[in-house]
Structure formats: C-alpha cells, structure tokens
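Participant: Sharing model_23.cif here; it has mmCIF, C-alpha atoms.
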data_structure
loop_
_atom_site.group_PDB
_atom_site.id
_atom_site.type_symbol
_atom_site.label_atom_id
_atom_site.label_comp_id
_atom_site.auth_asym_id
_atom_site.auth_seq_id
_atom_site.Cartn_x
_atom_site.Cartn_y
_atom_site.Cartn_z
ATOM 1 C CA MET A 1 96.246 105.601 103.360
ATOM 2 C CA ALA A 2 93.246 107.827 102.577
ATOM 3 C CA GLY A 3 95.465 110.749 101.704
ATOM 4 C CA ARG A 4 96.402 109.053 98.460
ATOM 5 C CA ALA A 5 92.727 109.008 97.473
ATOM 6 C CA ALA A 6 92.453 112.730 98.144
ATOM 7 C CA ARG A 7 95.505 113.306 96.021
ATOM 8 C CA LEU A 8 93.940 111.362 93.169
ATOM 9 C CA VAL A 9 90.900 113.632 93.355
ATOM 10 C CA LEU A 10 93.091 116.640 92.588
ATOM 11 C CA LEU A 11 95.061 114.840 89.891
ATOM 12 C CA ALA A 12 91.925 113.645 88.167
ATOM 13 C CA GLY A 13 90.475 117.127 88.199
ATOM 14 C CA ALA A 14 93.629 118.590 86.729
ATOM 15 C CA ALA A 15 93.840 115.874 84.106
ATOM 16 C CA ALA A 16 90.283 116.497 83.019
ATOM 17 C CA LEU A 17 91.327 120.076 82.247
ATOM 18 C CA ALA A 18 94.611 119.101 80.646
ATOM 19 C CA SER A 19 93.207 119.072 77.117
ATOM 20 C CA GLY A 20 92.215 122.729 77.344
ATOM 21 C CA SER A 21 92.997 125.209 80.114
ATOM 22 C CA GLN A 22 92.675 128.954 79.762
ATOM 23 C CA GLY A 23 96.385 129.524 79.212
ATOM 24 C CA ASP A 24 96.965 126.942 76.482
ATOM 25 C CA ARG A 25 93.762 128.045 74.695
ATOM 26 C CA GLU A 26 95.114 131.584 74.504
ATOM 27 C CA PRO A 27 95.948 132.577 70.874
ATOM 28 C CA VAL A 28 99.094 134.347 72.062
ATOM 29 C CA TYR A 29 100.362 131.111 73.614
ATOM 30 C CA ARG A 30 99.501 128.981 70.577
ATOM 31 C CA ASP A 31 101.053 131.402 68.119
ATOM 32 C CA CYS A 32 104.163 131.672 70.287
ATOM 33 C CA VAL A 33 104.587 127.894 70.431
ATOM 34 C CA LEU A 34 104.052 127.563 66.668
ATOM 35 C CA ARG A 35 106.631 130.240 65.856
ATOM 36 C CA CYS A 36 109.106 128.839 68.364
ATOM 37 C CA GLU A 37 108.848 125.335 66.912
ATOM 38 C CA GLU A 38 109.211 126.605 63.354
ATOM 39 C CA ARG A 39 112.260 128.622 64.347
ATOM 40 C CA ASN A 40 114.042 126.147 66.660
ATOM 41 C CA CYS A 41 112.765 122.592 66.310
ATOM 42 C CA SER A 42 113.788 121.446 62.842
ATOM 43 C CA GLY A 43 116.896 121.133 60.696
ATOM 44 C CA GLY A 44 120.044 122.965 61.738
ATOM 45 C CA ALA A 45 118.238 124.924 64.453
ATOM 46 C CA LEU A 46 117.216 121.652 66.152
ATOM 47 C CA ARG A 47 120.802 120.377 65.993
ATOM 48 C CA HIS A 48 121.945 123.641 67.540
ATOM 49 C CA PHE A 49 119.335 123.320 70.289
ATOM 50 C CA ARG A 50 120.446 119.772 71.091
ATOM 51 C CA SER A 51 124.127 120.763 71.151
ATOM 52 C CA ARG A 52 123.408 123.521 73.692
ATOM 53 C CA GLN A 53 120.926 121.562 75.813
ATOM 54 C CA PRO A 54 122.383 120.418 79.174
ATOM 55 C CA ILE A 55 122.879 116.669 79.371
ATOM 56 C CA TYR A 56 120.616 116.374 82.427
ATOM 57 C CA MET A 57 117.756 117.966 80.456
ATOM 58 C CA SER A 58 118.087 115.547 77.549
ATOM 59 C CA LEU A 59 118.368 112.571 79.919
ATOM 60 C CA ALA A 60 115.145 113.697 81.608
ATOM 61 C CA GLY A 61 113.412 113.736 78.213
ATOM 62 C CA TRP A 62 112.981 117.480 77.747
ATOM 63 C CA THR A 63 112.587 118.224 74.018
ATOM 64 C CA CYS A 64 112.666 121.336 71.891
ATOM 65 C CA HIS A 65 108.867 121.216 71.747
ATOM 66 C CA ASP A 66 108.719 121.117 75.558
ATOM 67 C CA ASP A 67 111.076 124.081 75.825
ATOM 68 C CA CYS A 68 108.912 126.081 73.436
ATOM 69 C CA LYS A 69 105.822 125.402 75.537
ATOM 70 C CA TYR A 70 107.705 126.342 78.702
ATOM 71 C CA GLU A 71 109.037 129.640 77.323
ATOM 72 C CA CYS A 72 105.709 130.578 75.742
ATOM 73 C CA MET A 73 103.892 129.783 78.969
ATOM 74 C CA TRP A 74 105.853 132.556 80.697
ATOM 75 C CA VAL A 75 105.275 134.942 77.788
ATOM 76 C CA THR A 76 101.542 134.387 78.264
ATOM 77 C CA VAL A 77 101.736 134.688 82.059
ATOM 78 C CA ASP A 78 103.590 138.014 81.759
ATOM 79 C CA MET A 79 100.927 139.281 79.374
ATOM 80 C CA TYR A 80 98.148 138.330 81.800
ATOM 81 C CA LEU A 81 99.894 139.971 84.754
ATOM 82 C CA GLN A 82 100.627 143.169 82.824
ATOM 83 C CA ASP A 83 96.948 143.432 81.907
ATOM 84 C CA GLY A 84 95.930 142.862 85.543
ATOM 85 C CA HIS A 85 94.369 139.435 84.957
ATOM 86 C CA ARG A 86 94.541 136.308 87.122
ATOM 87 C CA VAL A 87 97.346 133.853 86.364
ATOM 88 C CA PRO A 88 95.993 131.166 83.994
ATOM 89 C CA GLN A 89 96.583 127.432 84.095
ATOM 90 C CA PHE A 90 98.224 125.529 81.233
ATOM 91 C CA HIS A 91 97.225 121.963 80.369
ATOM 92 C CA GLY A 92 95.490 121.606 83.731
ATOM 93 C CA LYS A 93 98.383 122.932 85.818
ATOM 94 C CA TRP A 94 99.580 126.185 87.281
ATOM 95 C CA PRO A 95 102.808 127.567 85.805
ATOM 96 C CA PHE A 96 105.853 126.366 87.755
ATOM 97 C CA SER A 97 109.373 127.684 87.578
ATOM 98 C CA ARG A 98 111.537 124.800 86.421
ATOM 99 C CA PHE A 99 114.640 124.006 88.480
ATOM 100 C CA LEU A 100 117.261 121.992 86.586
ATOM 101 C CA PHE A 101 115.071 119.243 85.088
ATOM 102 C CA PHE A 102 112.423 119.338 87.860
ATOM 103 C CA GLN A 103 109.074 120.411 86.438
ATOM 104 C CA GLU A 104 107.468 120.896 89.878
ATOM 105 C CA PRO A 105 110.443 121.248 92.251
ATOM 106 C CA ALA A 106 108.573 121.552 95.561
ATOM 107 C CA SER A 107 106.235 118.598 94.934
ATOM 108 C CA ALA A 108 109.117 116.476 93.640
ATOM 109 C CA LEU A 109 111.200 117.257 96.732
ATOM 110 C CA ALA A 110 108.265 116.625 99.067
ATOM 111 C CA SER A 111 107.523 113.294 97.377
ATOM 112 C CA PHE A 112 111.175 112.326 97.749
ATOM 113 C CA LEU A 113 111.112 113.259 101.444
ATOM 114 C CA ASN A 114 107.943 111.195 101.962
ATOM 115 C CA GLY A 115 109.721 108.257 100.371
ATOM 116 C CA LEU A 116 112.816 108.855 102.491
ATOM 117 C CA ALA A 117 110.685 108.965 105.644
ATOM 118 C CA SER A 118 109.014 105.706 104.626
ATOM 119 C CA LEU A 119 112.408 104.096 104.010
ATOM 120 C CA MET A 120 113.740 105.236 107.395
ATOM 121 C CA MET A 121 110.650 103.909 109.171
ATOM 122 C CA LEU A 122 110.897 100.617 107.269
ATOM 123 C CA CYS A 123 114.496 100.221 108.451
ATOM 124 C CA ARG A 124 113.452 101.064 111.995
ATOM 125 C CA TYR A 125 110.541 98.626 111.818
ATOM 126 C CA ARG A 126 112.734 95.772 110.568
ATOM 127 C CA THR A 127 115.275 96.516 113.303
ATOM 128 C CA SER A 128 112.827 96.664 116.203
ATOM 129 C CA VAL A 129 110.194 94.087 115.182
ATOM 130 C CA PRO A 130 111.174 90.396 114.927
ATOM 131 C CA ALA A 131 110.099 88.578 111.772
ATOM 132 C CA SER A 132 108.053 86.220 113.942
ATOM 133 C CA SER A 133 105.512 88.962 114.645
ATOM 134 C CA PRO A 134 102.157 88.046 113.041
ATOM 135 C CA MET A 135 101.925 91.325 111.074
ATOM 136 C CA TYR A 136 105.613 91.596 110.144
ATOM 137 C CA HIS A 137 105.515 90.504 106.507
ATOM 138 C CA THR A 138 102.280 92.373 105.752
ATOM 139 C CA CYS A 139 103.666 95.608 107.205
ATOM 140 C CA VAL A 140 106.991 95.256 105.379
ATOM 141 C CA ALA A 141 105.144 94.648 102.106
ATOM 142 C CA PHE A 142 103.034 97.766 102.722
ATOM 143 C CA ALA A 143 106.193 99.792 103.304
ATOM 144 C CA TRP A 144 107.682 98.646 99.991
ATOM 145 C CA VAL A 145 104.432 99.422 98.152
ATOM 146 C CA SER A 146 104.462 102.913 99.704
ATOM 147 C CA LEU A 147 108.108 103.437 98.738
ATOM 148 C CA ASN A 148 107.322 102.489 95.157
ATOM 149 C CA ALA A 149 104.403 104.930 95.071
ATOM 150 C CA TRP A 150 106.522 107.796 96.390
ATOM 151 C CA PHE A 151 109.220 106.978 93.860
ATOM 152 C CA TRP A 152 106.757 107.342 90.989
ATOM 153 C CA SER A 153 105.254 110.454 92.577
ATOM 154 C CA THR A 154 108.744 111.974 92.592
ATOM 155 C CA VAL A 155 109.290 110.968 88.957
ATOM 156 C CA PHE A 156 105.889 112.330 87.901
ATOM 157 C CA HIS A 157 106.473 115.721 89.526
ATOM 158 C CA THR A 158 109.950 115.784 88.025
ATOM 159 C CA ARG A 159 108.728 115.074 84.502
ATOM 160 C CA ASP A 160 105.036 114.895 83.622
ATOM 161 C CA THR A 161 104.541 112.463 80.741
ATOM 162 C CA ASP A 162 101.802 110.012 79.821
ATOM 163 C CA LEU A 163 103.816 107.135 81.317
ATOM 164 C CA THR A 164 104.793 108.878 84.560
ATOM 165 C CA GLU A 165 101.233 110.115 85.052
ATOM 166 C CA LYS A 166 99.803 106.604 84.727
ATOM 167 C CA MET A 167 102.444 105.087 86.994
ATOM 168 C CA ASP A 168 101.709 107.732 89.625
ATOM 169 C CA TYR A 169 97.972 107.011 89.409
ATOM 170 C CA PHE A 170 98.330 103.230 89.454
ATOM 171 C CA CYS A 171 100.841 103.161 92.306
ATOM 172 C CA ALA A 172 98.651 105.474 94.374
ATOM 173 C CA SER A 173 95.728 103.080 93.833
ATOM 174 C CA THR A 174 97.953 100.194 94.893
ATOM 175 C CA VAL A 175 98.816 101.918 98.186
ATOM 176 C CA ILE A 176 95.144 102.495 99.001
ATOM 177 C CA LEU A 177 94.203 98.884 98.263
ATOM 178 C CA HIS A 178 97.176 97.557 100.196
ATOM 179 C CA SER A 179 96.126 99.685 103.171
ATOM 180 C CA VAL A 180 92.680 98.072 102.906
ATOM 181 C CA TYR A 181 94.375 94.647 102.856
ATOM 182 C CA LEU A 182 96.552 95.630 105.835
ATOM 183 C CA CYS A 183 93.409 96.530 107.753
ATOM 184 C CA CYS A 184 91.772 93.251 106.738
ATOM 185 C CA VAL A 185 94.712 91.211 108.020
ATOM 186 C CA ARG A 186 94.799 93.141 111.286
ATOM 187 C CA THR A 187 91.065 92.956 111.971
ATOM 188 C CA VAL A 188 90.096 89.592 110.478
ATOM 189 C CA GLY A 189 93.020 87.763 108.910
ATOM 190 C CA LEU A 190 94.927 86.945 112.093
ATOM 191 C CA GLN A 191 91.969 84.914 113.319
ATOM 192 C CA TYR A 192 90.851 83.672 109.896
ATOM 193 C CA PRO A 193 93.860 83.421 107.537
ATOM 194 C CA ALA A 194 91.757 81.865 104.767
ATOM 195 C CA VAL A 195 89.564 84.973 104.697
ATOM 196 C CA ALA A 196 92.632 87.193 104.346
ATOM 197 C CA ARG A 197 93.989 85.053 101.495
ATOM 198 C CA ALA A 198 90.678 85.165 99.662
ATOM 199 C CA PHE A 199 90.405 88.914 100.171
ATOM 200 C CA ARG A 200 93.974 89.411 98.925
ATOM 201 C CA ALA A 201 93.134 87.493 95.750
ATOM 202 C CA PHE A 202 90.029 89.663 95.294
ATOM 203 C CA LEU A 203 92.014 92.880 95.717
ATOM 204 C CA LEU A 204 94.682 91.710 93.267
ATOM 205 C CA LEU A 205 91.977 90.882 90.730
ATOM 206 C CA LEU A 206 90.333 94.256 91.354
ATOM 207 C CA LEU A 207 93.612 96.133 90.889
ATOM 208 C CA THR A 208 94.500 94.150 87.756
ATOM 209 C CA THR A 209 91.084 94.838 86.233
ATOM 210 C CA HIS A 210 91.288 98.524 87.160
ATOM 211 C CA VAL A 211 94.756 99.015 85.672
ATOM 212 C CA SER A 212 94.003 96.904 82.578
ATOM 213 C CA TYR A 213 90.880 98.894 81.766
ATOM 214 C CA LEU A 214 92.649 102.228 82.137
ATOM 215 C CA SER A 215 95.701 101.035 80.195
ATOM 216 C CA LEU A 216 94.197 98.932 77.437
ATOM 217 C CA VAL A 217 90.629 100.158 76.949
ATOM 218 C CA HIS A 218 90.216 103.808 77.894
ATOM 219 C CA PHE A 219 91.899 106.064 80.434
ATOM 220 C CA ASP A 220 88.727 107.476 81.946
ATOM 221 C CA TYR A 221 89.632 110.104 84.545
ATOM 222 C CA GLY A 222 86.085 110.190 85.916
ATOM 223 C CA TYR A 223 85.992 106.439 86.442
ATOM 224 C CA ASN A 224 89.476 106.456 87.992
ATOM 225 C CA LEU A 225 88.407 109.215 90.373
ATOM 226 C CA ALA A 226 85.222 107.395 91.423
ATOM 227 C CA ALA A 227 87.028 104.080 91.892
ATOM 228 C CA ASN A 228 89.762 105.539 94.085
ATOM 229 C CA VAL A 229 87.353 107.585 96.167
ATOM 230 C CA ALA A 230 85.440 104.343 96.815
ATOM 231 C CA PHE A 231 88.665 102.514 97.742
ATOM 232 C CA GLY A 232 89.620 105.370 100.046
ATOM 233 C CA LEU A 233 86.243 105.468 101.798
ATOM 234 C CA VAL A 234 86.391 101.732 102.505
ATOM 235 C CA ASN A 235 89.895 102.208 103.857
ATOM 236 C CA VAL A 236 88.955 105.106 106.160
ATOM 237 C CA VAL A 237 85.737 103.591 107.511
ATOM 238 C CA TRP A 238 87.294 100.180 108.158
ATOM 239 C CA TRP A 239 90.392 101.526 109.950
ATOM 240 C CA LEU A 240 88.455 104.100 111.961
ATOM 241 C CA THR A 241 85.785 101.585 113.038
ATOM 242 C CA TRP A 242 88.424 99.153 114.285
ATOM 243 C CA CYS A 243 90.362 101.927 116.030
ATOM 244 C CA LEU A 244 87.334 103.261 117.876
ATOM 245 C CA ARG A 245 86.458 99.765 119.074
ATOM 246 C CA ASN A 246 89.957 99.075 120.401
ATOM 247 C CA HIS A 247 91.458 102.408 121.504
ATOM 248 C CA ARG A 248 90.690 101.826 125.192
ATOM 249 C CA ARG A 249 92.118 98.330 125.246
ATOM 250 C CA LEU A 250 95.114 99.198 123.043
ATOM 251 C CA PRO A 251 96.506 102.683 123.797
ATOM 252 C CA HIS A 252 98.795 102.702 120.724
ATOM 253 C CA VAL A 253 95.705 102.542 118.484
ATOM 254 C CA ARG A 254 95.225 106.242 119.187
ATOM 255 C CA LYS A 255 98.135 106.897 116.838
ATOM 256 C CA CYS A 256 96.139 105.281 114.031
ATOM 257 C CA VAL A 257 93.091 107.407 114.896
ATOM 258 C CA VAL A 258 95.232 110.545 114.702
ATOM 259 C CA VAL A 259 96.657 109.425 111.340
ATOM 260 C CA VAL A 260 93.205 108.818 109.828
ATOM 261 C CA LEU A 261 91.806 112.118 111.116
ATOM 262 C CA LEU A 262 94.899 114.093 110.111
ATOM 263 C CA LEU A 263 94.855 112.687 106.589
ATOM 264 C CA GLN A 264 91.213 113.643 106.221
ATOM 265 C CA GLY A 265 91.883 117.136 107.559
ATOM 266 C CA LEU A 266 95.012 117.682 105.505
ATOM 267 C CA SER A 267 93.151 116.526 102.415
ATOM 268 C CA LEU A 268 91.273 119.817 102.567
ATOM 269 C CA LEU A 269 94.506 121.430 101.369
ATOM 270 C CA GLU A 270 93.852 119.771 98.030
ATOM 271 C CA LEU A 271 90.685 121.835 97.684
ATOM 272 C CA LEU A 272 92.707 125.050 97.742
ATOM 273 C CA ASP A 273 93.527 126.305 94.300
ATOM 274 C CA PHE A 274 95.976 129.167 93.929
ATOM 275 C CA PRO A 275 98.981 130.033 91.769
ATOM 276 C CA PRO A 276 102.207 128.755 93.357
ATOM 277 C CA PHE A 277 104.101 131.048 95.700
ATOM 278 C CA PHE A 278 107.321 132.148 94.012
ATOM 279 C CA TRP A 279 106.139 129.926 91.111
ATOM 280 C CA VAL A 280 107.214 126.875 93.162
ATOM 281 C CA LEU A 281 104.981 126.179 96.171
ATOM 282 C CA ASP A 282 101.318 125.384 95.532
ATOM 283 C CA ALA A 283 98.616 123.685 97.636
ATOM 284 C CA HIS A 284 99.544 120.254 96.334
ATOM 285 C CA ALA A 285 103.188 120.681 97.356
ATOM 286 C CA ILE A 286 102.119 121.940 100.804
ATOM 287 C CA TRP A 287 99.915 118.847 101.173
ATOM 288 C CA HIS A 288 102.823 116.590 100.224
ATOM 289 C CA ILE A 289 105.047 118.281 102.803
ATOM 290 C CA SER A 290 102.387 117.995 105.514
ATOM 291 C CA THR A 291 102.013 114.218 105.044
ATOM 292 C CA ILE A 292 105.644 113.457 105.960
ATOM 293 C CA PRO A 293 105.110 113.376 109.772
ATOM 294 C CA VAL A 294 101.786 111.563 109.264
ATOM 295 C CA HIS A 295 103.517 108.648 107.523
ATOM 296 C CA ILE A 296 106.098 108.519 110.311
ATOM 297 C CA LEU A 297 103.288 108.336 112.881
ATOM 298 C CA PHE A 298 101.504 105.555 110.983
ATOM 299 C CA PHE A 299 104.647 103.434 110.785
ATOM 300 C CA SER A 300 105.161 104.084 114.503
ATOM 301 C CA PHE A 301 101.670 102.688 115.081
ATOM 302 C CA LEU A 302 102.482 99.626 112.963
ATOM 303 C CA GLU A 303 105.658 99.084 114.983
ATOM 304 C CA ASP A 304 103.840 99.334 118.337
ATOM 305 C CA ASP A 305 101.010 97.124 117.143
ATOM 306 C CA SER A 306 103.340 94.461 115.752
ATOM 307 C CA LEU A 307 105.263 94.306 119.033
ATOM 308 C CA TYR A 308 101.986 94.023 120.941
ATOM 309 C CA LEU A 309 100.824 91.161 118.706
ATOM 310 C CA LEU A 310 104.181 89.415 119.119
ATOM 311 C CA LYS A 311 103.921 89.665 122.903
ATOM 312 C CA GLU A 312 100.344 88.418 122.784
ATOM 313 C CA SER A 313 101.208 85.437 120.572
ATOM 314 C CA GLU A 314 104.156 84.492 122.799
ATOM 315 C CA ALA A 315 101.897 84.623 125.875
ATOM 316 C CA LYS A 316 99.357 82.320 124.195
ATOM 317 C CA PHE A 317 102.155 79.928 123.212
ATOM 318 C CA LYS A 318 103.370 79.714 126.825
ATOM 319 C CA LEU A 319 99.840 79.021 128.051
ATOM 320 C CA ALA A 320 99.454 76.263 125.497
#
Transcribe the structure of this file into structure tokens.
Facilitator:
Amino acid sequence: MAGRAARLVLLAGAAALASGSQGDREPVYRDCVLRCEERNCSGGALRHFRSRQPIYMSLAGWTCHDDCKYECMWVTVDMYLQDGHRVPQFHGKWPFSRFLFFQEPASALASFLNGLASLMMLCRYRTSVPASSPMYHTCVAFAWVSLNAWFWSTVFHTRDTDLTEKMDYFCASTVILHSVYLCCVRTVGLQYPAVARAFRAFLLLLLTTHVSYLSLVHFDYGYNLAANVAFGLVNVVWWLTWCLRNHRRLPHVRKCVVVVLLLQGLSLLELLDFPPFFWVLDAHAIWHISTIPVHILFFSFLEDDSLYLLKESEAKFKLA
C-alpha cells in the first residue's frame, strides 16, 4: 500500500545522487578503479579473472569492472575511517558488504521474506475464501501483483542494474495503483461495476503512460517521485476515509486502519540515514523487515472482509 510510495521516495533520492556521491567523486577511489581495470580487466588478466570467478558471480552478472569498484570502495572507506571522517556513500548508496552475489544482503532477504509472507497469505486466502466472494478475484490479483513487486525488489537488492532498478520502480508503482483500484472496487465498484471497470481502464492507461515516459522518453527521478507520492496519497486518504466511516459497523476494518497507520509510521524509518550496521543492516533493510507483519495483517483484513461480503451477498440472495 502506501509503504511502497515511501520506499520510492528513498530510492528516488538515492538515484538522484547516483551520478556523483562523495565516495565515487574521491580521487583515491577513481584512481584505484582506473588502475584496477588496467591491471585486471583486459587481455590475459581478464581471462584469468573469469577463470577464477565463482560461477554464481558470473551468473548474477558481476563483471571485472564491478569487482574493481567494489574493492576500491572499501579502500576508500578504510582511508576515510583512518582519517576520522564519516563513511561516504558511493553512487547514491552506503557501502554494503557483499555476501555471495547479494549486493545488499539484508534488504534482499527482507524483500524475499515479504514475498514469502504474501505467498503464504495468498494460499491461506484462496483456501478460506470461496471464489464466489465478490472481492475474491480482485484480492487474488492484488496478491499476485504484490508478489511480483517483491520478486523484483529481491532481484534489485541482489544486483543493482539499470534494468533491475526500473523493474523495481515500475512494479512498486503497480502495487500502489492496484491498491487504489482495490479500494475503488471495495467502496464503489461492488455497487456500481461500470464505475470500477472505467476506473480500472483509467489506471491501466495511467500506468502505461507513466512507464512509457520513463522508459522511452526520459527517466526523470523527480517526476517519478512526485507521481508515486501522489498515487500513495490518494491510496492512503481513500482507504482511511472508508475505514473511519465503517469501523463501527465492521469490526474487522480496524485491521485496515492499523495497516494504514503503521505503514505511515514505519515510513519514517526511510528518513533515517546512517551507514549500515556491520556493513549489512541499514534503515531501508530495517523498514523492509518491519513491513512483513503489516502485509500479513492486511491480507488478514482482506480475508475477513471477503468472508463478510460473501455472507452478506448470500443473505441478500435468500431474501430475494
């Protein structure tokens, strides 16, 4: 839900710095990378590097150039620490200790666990909620969209490339817009299906235009940030307004209120900015870890609400 928008705020900020952070502007770092590439990344030295590189590293796309940047990053960090200076960022990111082929191990693991939690709740939802429930197909579709987003989040934190970055951004936007659509169906679409269909077409057009512009015209981090913050605000206000209007009549709606408020509160973690503990655990990874129970609670709300709607529709059918 809104937590994805908060995450995009941090990613956009980091990306805006990616072309020139303090660490990668440092002459020591640049000279180190240049010498490393000249020494290891051409001719026989490159063949030697490839012969010694673990197969999992080559399959993940790690190159000699990437290894040079990684090794020189730590040379620069050590120099800063020895001189008593604050740890610098490199290409918009804090230095992380690589584990196997995982570039950001804690965030990758947390993203995977979020996806696993979503998968478990999807299985539970499909087991406990009959397909005849009015919200069944919309909720199942939302679960699959969320799973896809967490998959690409895991891939992005495993290996940060231009492709994985864009897929992470675009899939996060898709989750936010699908949450808006989910809210539309729940609040309006059950009574007016034509409105929900028209709104779905609008959101698909909006997403297509958004992705096409960023992919084919110009990847504008500022525009992407503004667009997703707007999507997220619509999502939060719409869900919270409906929840506050119905929490007395529908006790399970309180779960949704807690989810919305928790996501907004936990989003403050994204404002923290500190070098990772043990070079692994930073604020972004902590935020990812903290969202796992929140997603479980939201799917629990969807399950309760779908069963309520099924019971309500069956009661109306008997009266008819």
Participant: Select, from A:Thr127, A:Ser153, A:Thr187, A:Ser173, the residue with the minimum atom-to-atom distance to A:Thr208, counting all atoms listed in the file.
Facilitator: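 For A:Thr208, the nearest of the candidates is A:Ser173.
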Participant: Take atom CA of A:Phe274 and atom CA of A:Cys64 and report the distance between them in Å, one decimal.
Facilitator: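 Computed distance, atom CA of A:Phe274 to atom CA of A:Cys64, equals 28.7 Å.
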Participant: One decimal, Å: what's the distance from atom CA of A:His295 over to atom CA of A:Ala110, could you say?
Facilitator: 12.6 Å
Participant: Go ahead and compute the interatomic distance for atom CA of A:Cys183 and atom CA of A:Trp242, in Å to one decimal.
Facilitator: 8.6 Å
Participant: Go through A:Asn235, A:Ser128, A:Ser215, A:Thr158 one by one, measure the shortest atom-to-atom distance of each to A:Val180 using all atoms listed in the file, and give the residue with the smallest value.
Facilitator: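 Among A:Asn235, A:Ser128, A:Ser215, A:Thr158, it is A:Asn235 that comes nearest to A:Val180.
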Participant: Generate the missing atoms of stretch 300-308 of chain A up to all heavy atoms and report them as a PDB file, keeping the file's coordinate frame.
Facilitator:
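The resulting selection-v6.pdb:
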ATOM      1  N   SER A 300     104.960 104.245 113.068  1.00  0.00           N
ATOM      2  CA  SER A 300     105.161 104.084 114.503  1.00  0.00           C
ATOM      3  C   SER A 300     104.032 103.255 115.105  1.00  0.00           C
ATOM      4  O   SER A 300     104.263 102.389 115.971  1.00  0.00           O
ATOM      5  CB  SER A 300     105.232 105.453 115.178  1.00  0.00           C
ATOM      6  OG  SER A 300     105.343 105.325 116.578  1.00  0.00           O
ATOM      7  N   PHE A 301     102.801 103.502 114.646  1.00  0.00           N
ATOM      8  CA  PHE A 301     101.670 102.688 115.081  1.00  0.00           C
ATOM      9  C   PHE A 301     101.861 101.227 114.670  1.00  0.00           C
ATOM     10  O   PHE A 301     101.632 100.304 115.473  1.00  0.00           O
ATOM     11  CB  PHE A 301     100.362 103.223 114.494  1.00  0.00           C
ATOM     12  CG  PHE A 301      99.280 102.183 114.384  1.00  0.00           C
ATOM     13  CD1 PHE A 301      98.627 101.711 115.510  1.00  0.00           C
ATOM     14  CD2 PHE A 301      98.926 101.654 113.136  1.00  0.00           C
ATOM     15  CE1 PHE A 301      97.638 100.726 115.411  1.00  0.00           C
ATOM     16  CE2 PHE A 301      97.945 100.686 113.024  1.00  0.00           C
ATOM     17  CZ  PHE A 301      97.301 100.215 114.158  1.00  0.00           C
ATOM     18  N   LEU A 302     102.274 100.998 113.433  1.00  0.00           N
ATOM     19  CA  LEU A 302     102.482  99.626 112.963  1.00  0.00           C
ATOM     20  C   LEU A 302     103.553  98.917 113.793  1.00  0.00           C
ATOM     21  O   LEU A 302     103.430  97.723 114.098  1.00  0.00           O
ATOM     22  CB  LEU A 302     102.881  99.624 111.485  1.00  0.00           C
ATOM     23  CG  LEU A 302     101.821 100.089 110.488  1.00  0.00           C
ATOM     24  CD1 LEU A 302     102.387 100.063 109.064  1.00  0.00           C
ATOM     25  CD2 LEU A 302     100.570  99.224 110.566  1.00  0.00           C
ATOM     26  N   GLU A 303     104.598  99.661 114.151  1.00  0.00           N
ATOM     27  CA  GLU A 303     105.658  99.084 114.983  1.00  0.00           C
ATOM     28  C   GLU A 303     105.113  98.699 116.363  1.00  0.00           C
ATOM     29  O   GLU A 303     105.333  97.567 116.829  1.00  0.00           O
ATOM     30  CB  GLU A 303     106.791 100.098 115.128  1.00  0.00           C
ATOM     31  CG  GLU A 303     107.933  99.622 115.994  1.00  0.00           C
ATOM     32  CD  GLU A 303     108.996 100.697 116.163  1.00  0.00           C
ATOM     33  OE1 GLU A 303     109.061 101.625 115.331  1.00  0.00           O
ATOM     34  OE2 GLU A 303     109.760 100.612 117.156  1.00  0.00           O
ATOM     35  N   ASP A 304     104.401  99.618 117.007  1.00  0.00           N
ATOM     36  CA  ASP A 304     103.840  99.334 118.337  1.00  0.00           C
ATOM     37  C   ASP A 304     102.858  98.171 118.276  1.00  0.00           C
ATOM     38  O   ASP A 304     102.855  97.292 119.166  1.00  0.00           O
ATOM     39  CB  ASP A 304     103.121 100.573 118.886  1.00  0.00           C
ATOM     40  CG  ASP A 304     104.082 101.697 119.219  1.00  0.00           C
ATOM     41  OD1 ASP A 304     105.294 101.438 119.311  1.00  0.00           O
ATOM     42  OD2 ASP A 304     103.605 102.850 119.370  1.00  0.00           O
ATOM     43  N   ASP A 305     102.024  98.164 117.251  1.00  0.00           N
ATOM     44  CA  ASP A 305     101.010  97.124 117.143  1.00  0.00           C
ATOM     45  C   ASP A 305     101.640  95.765 116.879  1.00  0.00           C
ATOM     46  O   ASP A 305     101.202  94.750 117.432  1.00  0.00           O
ATOM     47  CB  ASP A 305     100.026  97.479 116.017  1.00  0.00           C
ATOM     48  CG  ASP A 305      98.742  96.666 116.104  1.00  0.00           C
ATOM     49  OD1 ASP A 305      98.139  96.624 117.191  1.00  0.00           O
ATOM     50  OD2 ASP A 305      98.365  96.071 115.082  1.00  0.00           O
ATOM     51  N   SER A 306     102.668  95.731 116.047  1.00  0.00           N
ATOM     52  CA  SER A 306     103.340  94.461 115.752  1.00  0.00           C
ATOM     53  C   SER A 306     104.023  93.901 116.993  1.00  0.00           C
ATOM     54  O   SER A 306     104.001  92.679 117.225  1.00  0.00           O
ATOM     55  CB  SER A 306     104.369  94.665 114.632  1.00  0.00           C
ATOM     56  OG  SER A 306     103.735  95.038 113.431  1.00  0.00           O
ATOM     57  N   LEU A 307     104.628  94.763 117.796  1.00  0.00           N
ATOM     58  CA  LEU A 307     105.263  94.306 119.033  1.00  0.00           C
ATOM     59  C   LEU A 307     104.216  93.813 120.031  1.00  0.00           C
ATOM     60  O   LEU A 307     104.441  92.820 120.750  1.00  0.00           O
ATOM     61  CB  LEU A 307     106.080  95.442 119.641  1.00  0.00           C
ATOM     62  CG  LEU A 307     107.346  95.823 118.861  1.00  0.00           C
ATOM     63  CD1 LEU A 307     107.984  97.080 119.457  1.00  0.00           C
ATOM     64  CD2 LEU A 307     108.348  94.674 118.855  1.00  0.00           C
ATOM     65  N   TYR A 308     103.075  94.485 120.077  1.00  0.00           N
ATOM     66  CA  TYR A 308     101.986  94.023 120.941  1.00  0.00           C
ATOM     67  C   TYR A 308     101.503  92.637 120.513  1.00  0.00           C
ATOM     68  O   TYR A 308     101.314  91.740 121.348  1.00  0.00           O
ATOM     69  CB  TYR A 308     100.826  95.013 120.908  1.00  0.00           C
ATOM     70  CG  TYR A 308      99.542  94.434 121.441  1.00  0.00           C
ATOM     71  CD1 TYR A 308      99.330  94.312 122.807  1.00  0.00           C
ATOM     72  CD2 TYR A 308      98.560  93.977 120.559  1.00  0.00           C
ATOM     73  CE1 TYR A 308      98.157  93.743 123.293  1.00  0.00           C
ATOM     74  CE2 TYR A 308      97.389  93.410 121.033  1.00  0.00           C
ATOM     75  CZ  TYR A 308      97.194  93.294 122.411  1.00  0.00           C
ATOM     76  OH  TYR A 308      96.031  92.721 122.886  1.00  0.00           O
TER      77      TYR A 308
END
